[in-house]
Structures are given as structure tokens and as C-alpha cells.
Amino acid sequence: MPLDSTRVINGKFGEVWMDGQHLTNFHTGSATADLQYEKVKRSGTRADGNKVVGIEYNGSLSGYKITSDLARKVAQVFNDRKGAFVGEIIMKLADPEAYGFERVRLKGVQFTKVDVIKFDHGSIVEDEWPFVYDGVDWLDPITAD
């Protein structure tokens with residue numbers, strides 16, 4: 001049976017929410033979990049086994065610069081009397097023609113870079129926001145935003 005091309009997920013239906021606010025200016029989002037393994041020697045075989053010993057969560061958002069609000073929040077860490085900005089991101093991908101639906105909550109998000117200012121004459125300004133996070137919850141599609 002050939003692939004039904006109408007069921008392929010279209011990224012135009014991706015959305016980003018941070019701390020309950022829909023961030024319409026972001027057009028690209030990703031979150032990954034890198035699994036860290038340690039080799040385990042096993043008797044009776046030449047093959048080593050593998051044991052997960054850690055997980056590193058990271059991701060990024062990219063989009064159009066509309067305000068400096070996020071930069072100001074993240075830059076609070078520049079003040080020695082304040083801590084790092086920590087937030088929550090919900091990413092959703094819900095193409096109405098596709099079979100799948102994804103909605104995840106990224107917990108303990110901390111951004112790892114701040115563009116203080118940047119521009120290119122004659123071009124629309126875009127921001128990239130790499131981040132680390134502490135964990136992920138897959139959310140029920142019934143409670144979709």
C-alpha cells in the first residue's frame with residue numbers, strides 16, 4: 001500500500017506557548033533528549049552491553065524579532081542579585097489531515113544565549129533561542145490549546 005501523502009505532517013501547524021502565552025512569532029522549534037550510555041562488560045561474550053547513565057535535554061526556538069521582552073527576561077541573570085530565568089514551554093504540532101498529534105510540555109527551561117542586539121540592513125530580524133530543560137511531559141491531545 002503506497003503512502004497517503006495527505007497524511008504527512010505539515011510543520012505549518014506547529015505552535016509554541018511559553019508560560020501560558022502563545023508565541024506567534026516563532027516558526028521553528030525543536031526539543032531533543034540525548035541519552036548517555038556507559039559500556040558494561042559482560043562475561044561469556046565478546047560484546048559489551050550498554051546502560052543509560054544520563055539524559056541531556058536541549059532544544060531551540062527560532063522566529064521573528066517583534067519585541068525585546070524575552071531577551072529582557074533571560075538577561076535578568078546579568079544582574080548578580082537575580083537568578084536565571086526559568087520557564088515552561090509547550091510545543092504543539094497538530095496538522096488536521098495527519099494521523100498524529102503531538103503536544104509536549106518542556107519543564108525547567110533555561111535559555112543558553114541572549115542576542116543583546118543584532119540586525120542586517122534590508123533583512124527581517126530573526127532570533128534563535130537555544131535552551132536546556134529539565135524534563136518533558138507528553139500531554140493529552142484532548143486538552144489541546
# chains A, B, ... in the order shown; residues from 1 in each chain; ligands from 1

$ closest_atom_pairs --of "region 93-134 of chain A" --to "region 32-49 of chain A" --cutoff "12 Å" --atoms "only C-alpha atoms" --output "JSON lines"
{"residue": "A:Val104", "atom": "CA", "partner": "A:Thr32", "partner_atom": "CA", "distance": 11.6}
{"residue": "A:Leu106", "atom": "CA", "partner": "A:Thr32", "partner_atom": "CA", "distance": 10.4}
{"residue": "A:Pro130", "atom": "CA", "partner": "A:Thr32", "partner_atom": "CA", "distance": 11.5}
{"residue": "A:Phe131", "atom": "CA", "partner": "A:Thr32", "partner_atom": "CA", "distance": 10.5}
{"residue": "A:Val132", "atom": "CA", "partner": "A:Thr32", "partner_atom": "CA", "distance": 9.5}
{"residue": "A:Tyr133", "atom": "CA", "partner": "A:Ala33", "partner_atom": "CA", "distance": 9.5}
{"residue": "A:Asp134", "atom": "CA", "partner": "A:Ala33", "partner_atom": "CA", "distance": 10.1}

$ write_last_selection --atoms "N, CA and C atoms" --output "compact mmCIF listing (two decimals), in the first residue's frame"
# COMPACT_ATOMS: atom_id res chain seq x y z
N VAL A 104 3.73 18.61 23.80
CA VAL A 104 4.64 18.31 24.90
C VAL A 104 4.89 19.54 25.75
N LEU A 106 7.73 21.20 28.13
CA LEU A 106 9.14 21.18 28.49
C LEU A 106 9.28 21.94 29.81
N PRO A 130 18.54 29.02 21.79
CA PRO A 130 18.86 27.68 22.28
C PRO A 130 18.56 27.59 23.78
N PHE A 131 18.19 26.40 24.23
CA PHE A 131 17.85 26.24 25.64
C PHE A 131 18.15 24.83 26.12
N VAL A 132 18.20 24.69 27.43
CA VAL A 132 18.25 23.40 28.10
C VAL A 132 16.97 23.30 28.92
N TYR A 133 16.58 22.09 29.25
CA TYR A 133 15.39 21.92 30.08
C TYR A 133 15.56 20.68 30.94
N ASP A 134 14.68 20.56 31.95
CA ASP A 134 14.85 19.51 32.96
C ASP A 134 14.03 18.25 32.71

$ select_by_dssp --residues "chain A" --states "alpha helix (DSSP H)" --output "PyMOL selection string"
chain A and resi 69-74

$ closest_residue --among "A:Ile124, A:Val109, A:Val77, A:Val53" --to "Ile90 (chain A)" --atoms "only C-alpha atoms"
A:Val109

$ select_by_dssp --residues "region 4-45 of chain A" --states "strand (DSSP E or B)" --output "VMD selection string"
chain A and resid 14 to 18 21 to 22 26 to 40

$ closest_atom_pairs --of "region 77-107 of chain A" --to "region 15-29 of chain A" --cutoff "10 Å" --atoms "only C-alpha atoms" --output "Markdown table"
| residue | atom | partner | partner_atom | distance |
| --- | --- | --- | --- | --- |
| A:Val86 | CA | A:Asp19 | CA | 9.9 |
| A:Gly87 | CA | A:Asp19 | CA | 6.3 |
| A:Glu88 | CA | A:Asp19 | CA | 5.4 |
| A:Ile89 | CA | A:Met18 | CA | 4.4 |
| A:Ile90 | CA | A:Trp17 | CA | 5.0 |
| A:Met91 | CA | A:Val16 | CA | 4.7 |
| A:Lys92 | CA | A:Glu15 | CA | 5.1 |
| A:Leu93 | CA | A:Glu15 | CA | 6.4 |
| A:Ala94 | CA | A:Glu15 | CA | 8.5 |
| A:Arg103 | CA | A:Glu15 | CA | 9.3 |
| A:Arg105 | CA | A:Trp17 | CA | 9.3 |
| A:Leu106 | CA | A:Met18 | CA | 9.5 |

$ write_last_selection --atoms "C-alpha atoms" --output "JSON list (two decimals), in the first residue's frame"
[["chain", "number", "residue", "atom", "x", "y", "z"],
["A", 86, "VAL", "CA", 13.32, 29.58, 34.29],
["A", 87, "GLY", "CA", 10.13, 28.95, 32.31],
["A", 88, "GLU", "CA", 7.93, 26.31, 30.76],
["A", 89, "ILE", "CA", 7.36, 25.77, 27.04],
["A", 90, "ILE", "CA", 4.55, 23.85, 25.40],
["A", 91, "MET", "CA", 5.09, 22.84, 21.77],
["A", 92, "LYS", "CA", 2.24, 21.51, 19.68],
["A", 93, "LEU", "CA", 2.13, 20.00, 16.20],
["A", 94, "ALA", "CA", -1.42, 19.32, 15.04],
["A", 103, "ARG", "CA", 1.84, 18.19, 22.34],
["A", 105, "ARG", "CA", 5.47, 20.35, 27.99],
["A", 106, "LEU", "CA", 9.14, 21.18, 28.49]]

$ closest_residue --among "A:Lys107, A:Lys12, A:Arg81, A:Lys65" --to "Ser123 (chain A)" --atoms "only C-alpha atoms"
A:Lys65

$ closest_residue --among "A:Ser5, A:Asn50, A:Ser60, A:Gly135" --to "Thr112 (chain A)" --atoms "only C-alpha atoms"
A:Ser60

$ closest_residue --among "A:Tyr57, A:Asp115, A:Lys51, A:Gly100" --to "Ala75 (chain A)" --atoms "only C-alpha atoms"
A:Asp115

$ atom_distance --atom1 "CA of Ile9 (chain A)" --atom2 "CA of Phe111 (chain A)"
27.8 Å

$ residues_around --residues "Val114 (chain A)" --least-positions-apart "4" --cutoff "10 Å" --atoms "only C-alpha atoms" --output "MDAnalysis selection string"
chainID A and resid 70:75 127:130

$ write_last_selection --atoms "N, CA, C and O atoms" --output "PDB file, in the first residue's frame"
ATOM      1  N   LEU A  70      11.495  38.812  25.720  1.00  0.00           N
ATOM      2  CA  LEU A  70      12.160  37.580  26.125  1.00  0.00           C
ATOM      3  C   LEU A  70      13.621  37.838  26.457  1.00  0.00           C
ATOM      4  O   LEU A  70      14.143  37.323  27.449  1.00  0.00           O
ATOM      5  N   ALA A  71      14.288  38.648  25.655  1.00  0.00           N
ATOM      6  CA  ALA A  71      15.695  38.972  25.924  1.00  0.00           C
ATOM      7  C   ALA A  71      15.841  39.623  27.296  1.00  0.00           C
ATOM      8  O   ALA A  71      16.770  39.310  28.043  1.00  0.00           O
ATOM      9  N   ARG A  72      14.931  40.498  27.636  1.00  0.00           N
ATOM     10  CA  ARG A  72      14.999  41.170  28.941  1.00  0.00           C
ATOM     11  C   ARG A  72      14.782  40.174  30.078  1.00  0.00           C
ATOM     12  O   ARG A  72      15.446  40.263  31.117  1.00  0.00           O
ATOM     13  N   LYS A  73      13.854  39.240  29.898  1.00  0.00           N
ATOM     14  CA  LYS A  73      13.620  38.230  30.933  1.00  0.00           C
ATOM     15  C   LYS A  73      14.853  37.356  31.128  1.00  0.00           C
ATOM     16  O   LYS A  73      15.290  37.104  32.251  1.00  0.00           O
ATOM     17  N   VAL A  74      15.401  36.862  30.029  1.00  0.00           N
ATOM     18  CA  VAL A  74      16.557  35.971  30.110  1.00  0.00           C
ATOM     19  C   VAL A  74      17.774  36.719  30.639  1.00  0.00           C
ATOM     20  O   VAL A  74      18.572  36.178  31.403  1.00  0.00           O
ATOM     21  N   ALA A  75      17.918  37.993  30.270  1.00  0.00           N
ATOM     22  CA  ALA A  75      19.069  38.791  30.675  1.00  0.00           C
ATOM     23  C   ALA A  75      19.038  39.182  32.152  1.00  0.00           C
ATOM     24  O   ALA A  75      20.007  39.769  32.639  1.00  0.00           O
ATOM     25  N   ASP A 127      15.469  35.796  15.567  1.00  0.00           N
ATOM     26  CA  ASP A 127      16.194  35.382  16.767  1.00  0.00           C
ATOM     27  C   ASP A 127      16.239  33.874  16.841  1.00  0.00           C
ATOM     28  O   ASP A 127      15.277  33.193  16.450  1.00  0.00           O
ATOM     29  N   GLU A 128      17.331  33.359  17.377  1.00  0.00           N
ATOM     30  CA  GLU A 128      17.423  31.935  17.704  1.00  0.00           C
ATOM     31  C   GLU A 128      17.655  31.838  19.197  1.00  0.00           C
ATOM     32  O   GLU A 128      18.501  32.549  19.746  1.00  0.00           O
ATOM     33  N   TRP A 129      16.905  30.983  19.847  1.00  0.00           N
ATOM     34  CA  TRP A 129      16.944  30.835  21.288  1.00  0.00           C
ATOM     35  C   TRP A 129      17.260  29.389  21.680  1.00  0.00           C
ATOM     36  O   TRP A 129      16.352  28.589  21.891  1.00  0.00           O
ATOM     37  N   PRO A 130      18.538  29.018  21.788  1.00  0.00           N
ATOM     38  CA  PRO A 130      18.864  27.678  22.279  1.00  0.00           C
ATOM     39  C   PRO A 130      18.560  27.589  23.781  1.00  0.00           C
ATOM     40  O   PRO A 130      18.656  28.593  24.503  1.00  0.00           O
TER      41      PRO A 130
END
